[in-house]
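**Q** Sending over a structure as structure tokens; questions will come in a sec.
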Amino acid sequence: MKALVLWGLKEPLVYQDFTDPILAGDEVIVELKAAALNRRDFYITRGMYPGIVFPAVLGSDGAGMYKDREVVLYPAADWGGDPACQSSAFKILGMPDHGCFARQIGIRYHYLFNKPAHLTMQQAAALPLAGLTAYRALFTRARLQPGEKVLVSGIGGGVALQAFQFAHALGCEVYVTSGDAGKIEKAKEMGAMGGANYRDEDFARQLKGMAGGFDVIIDSAGGEGFAKFLDVINPGGRIVVYGGTAGKIPNLSPQRLFWKQASILGSTMGTVEEFKKMLDFISEHRIVPVVDSVYKLEDGNQAIEKLGKGGQFGKIVLEIE
Ligand SMILES: NC(=O)c1ccc[n+]([C@@H]2O[C@H](COP(=O)([O-])OP(=O)(O)OC[C@H]3O[C@@H](n4cnc5c(N)ncnc54)[C@H](OP(=O)(O)O)[C@@H]3O)[C@@H](O)[C@H]2O)c1
């Protein structure tokens, strides 16, 4: 089969003939029609990820055909029996196991789910990792309730945009941050109440002026700006962290945290049950994930380069013929 293969660190992916999937246990073959990129794929190609093995077929997000059934794939494996956290065997699809940047994938049958009927293959492929991460962060970890005020940081990110769509569909008042004024405007067009540029020294003050405060904050960055979330979190509020794009968190005031009775919660991807609930939520609210751009599988290096530059709004998708 044709696949995009990574043979070494900081090398381009090679579009080539590659070994067909070898099935074990209850694995089946899915003919992939679309895949999507995640920040993880970029980090792996740049050698910024632990435990990289070669050759690797990357890609955690995929949608395609199993026989005559349209399916979308759970983007991980072996969560384990505890819904509170993943087991030590947990792994994300696409390295070390071969992922979705290929014409076919061998995957366990119980990781296949029906594609939401209102989505195209490309839209469905944009969902799995980002949708699952956003769903668990908002609903399982933050226990988001309709009508709450929510701040989603870095709205250009795949998970962030999905979190925005979920919270908005639930009937929350959602505000955003971004490093790009144009992305804040796009979010407003989609229903965001307002936003501020996280590069502005006073972004938290701006947000406080607009919203008063937030019951829930969803963040992928950490870094210098994170401590300011304690200025805008409401008493009893929940801050969920699922990424560390901007690095370690300095200057966090323990006094502000405990006096506000606020919680800082970590979150990573989610269980098979959460994935199923996420797909049901998408179908119920007829949510369409935002696709920034579509590349052919063979042009995967251009897609990775675009992700690296960070100008996207929504998911970068690979079309697989
Ligand atoms: N724990 C998990 O399960 C999990 C799952 C998925 C991703 N992640 C991690 O979460 C992060 C985001 O992943 P993704 O795939 O959603 O990313 P992505 O689509 O590559 O987007 C990254 C976004 O981060 C935002 N950003 C950059 N610097 C920021 C800052 N200082 N403050 C706030 N936002 C900032 C940017 O938003 P603007 O463009 O709006 O400026 C950018 O678009 C990555 O670190 C990734 O490894 C973790």
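As shown in the structure tokens, the chain order sets the letters A, B, ...; within each chain, residues go from 1, and ligands are also counted from 1 in the order they appear.
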Counting only C-alpha atoms and all ligand atoms, what are the residues, protein, DNA or RNA alike, that approach ligand 1 to within 8 Å? I want them as a VMD selection string.
**A** chain A and resid 37 to 40 43 129 to 130 133 153 to 161 177 to 180 183 to 184 197 to 199 219 to 226 241 to 246 266 to 270 307 to 308 310 to 315
**Q** If you count only C-alpha atoms, which residues fall within 6 Å of Ile320 in chain A, apart from same-chain ones fewer than 2 positions away, as a list in words?
**A** Lys33, Ala34 and Leu297 of chain A
**Q** Would you return as a ChimeraX atom specification the members of range 40-220 of chain A that DSSP assigns to strand (DSSP E) on this structure's backbone?
**A** /A:61-66,69-73,76-77,91-92,104-108,112-114,149-152,173-178,194-197,214-219
**Q** Per DSSP on the backbone, filter range 65-300 of chain A down to the residues in alpha helix (DSSP H) and report them as an MDAnalysis selection string.
**A** chainID A and resid 121:125 128:135 158:169 181:189 203:211 229:232 254:259 272:284 300
**Q** Pick from A:Asp82, A:Asp61, A:Glu31, A:Asp215: nearest to Ile316 in chain A, with only C-alpha atoms counted?
**A**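 Of A:Asp82, A:Asp61, A:Glu31, A:Asp215, the one nearest Ile316 in chain A, counting only C-alpha atoms, is A:Asp61.
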**Q** Tell me, as a list of chain:residue names, which residues lie within 12 Å of Tyr49 in chain A, counting only C-alpha atoms; anything in the same chain fewer than 5 positions away does not count.
**A** A:Leu9, A:Lys10, A:Arg39, A:Arg40, A:Asp41, A:Phe42, A:Tyr43, A:Ile44, A:Met95, A:Pro96
**Q** May I have the selected residues written with N, CA, C and O atoms, as a compact mmCIF listing (two decimals), in the first residue's frame?
**A**
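Okay, out_12.txt is ready:
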# COMPACT_ATOMS: atom_id res chain seq x y z
N LEU A 9 15.01 11.30 11.97
CA LEU A 9 14.67 12.59 12.57
C LEU A 9 15.00 13.74 11.64
O LEU A 9 16.03 13.73 10.97
N LYS A 10 14.10 14.73 11.63
CA LYS A 10 14.26 15.95 10.85
C LYS A 10 14.40 15.66 9.35
O LYS A 10 14.98 16.44 8.61
N ARG A 39 -0.44 18.44 16.37
CA ARG A 39 0.84 18.99 16.77
C ARG A 39 1.87 17.87 17.02
O ARG A 39 3.03 17.97 16.73
N ARG A 40 1.35 16.74 17.55
CA ARG A 40 2.21 15.58 17.83
C ARG A 40 2.98 15.11 16.58
O ARG A 40 4.15 14.76 16.66
N ASP A 41 2.30 15.11 15.43
CA ASP A 41 2.96 14.66 14.20
C ASP A 41 4.14 15.57 13.88
O ASP A 41 5.21 15.12 13.47
N PHE A 42 3.92 16.87 14.08
CA PHE A 42 4.99 17.84 13.83
C PHE A 42 6.15 17.60 14.80
O PHE A 42 7.31 17.53 14.40
N TYR A 43 5.82 17.46 16.11
CA TYR A 43 6.87 17.23 17.11
C TYR A 43 7.69 15.99 16.77
O TYR A 43 8.92 15.98 16.89
N ILE A 44 7.02 14.92 16.32
CA ILE A 44 7.76 13.68 16.01
C ILE A 44 8.71 13.91 14.84
O ILE A 44 9.88 13.53 14.90
N MET A 95 2.69 5.78 15.48
CA MET A 95 3.98 5.71 16.18
C MET A 95 3.77 5.53 17.68
O MET A 95 3.26 6.42 18.31
N PRO A 96 4.16 4.33 18.23
CA PRO A 96 4.89 3.27 17.53
C PRO A 96 4.04 2.44 16.56
O PRO A 96 4.58 1.92 15.58
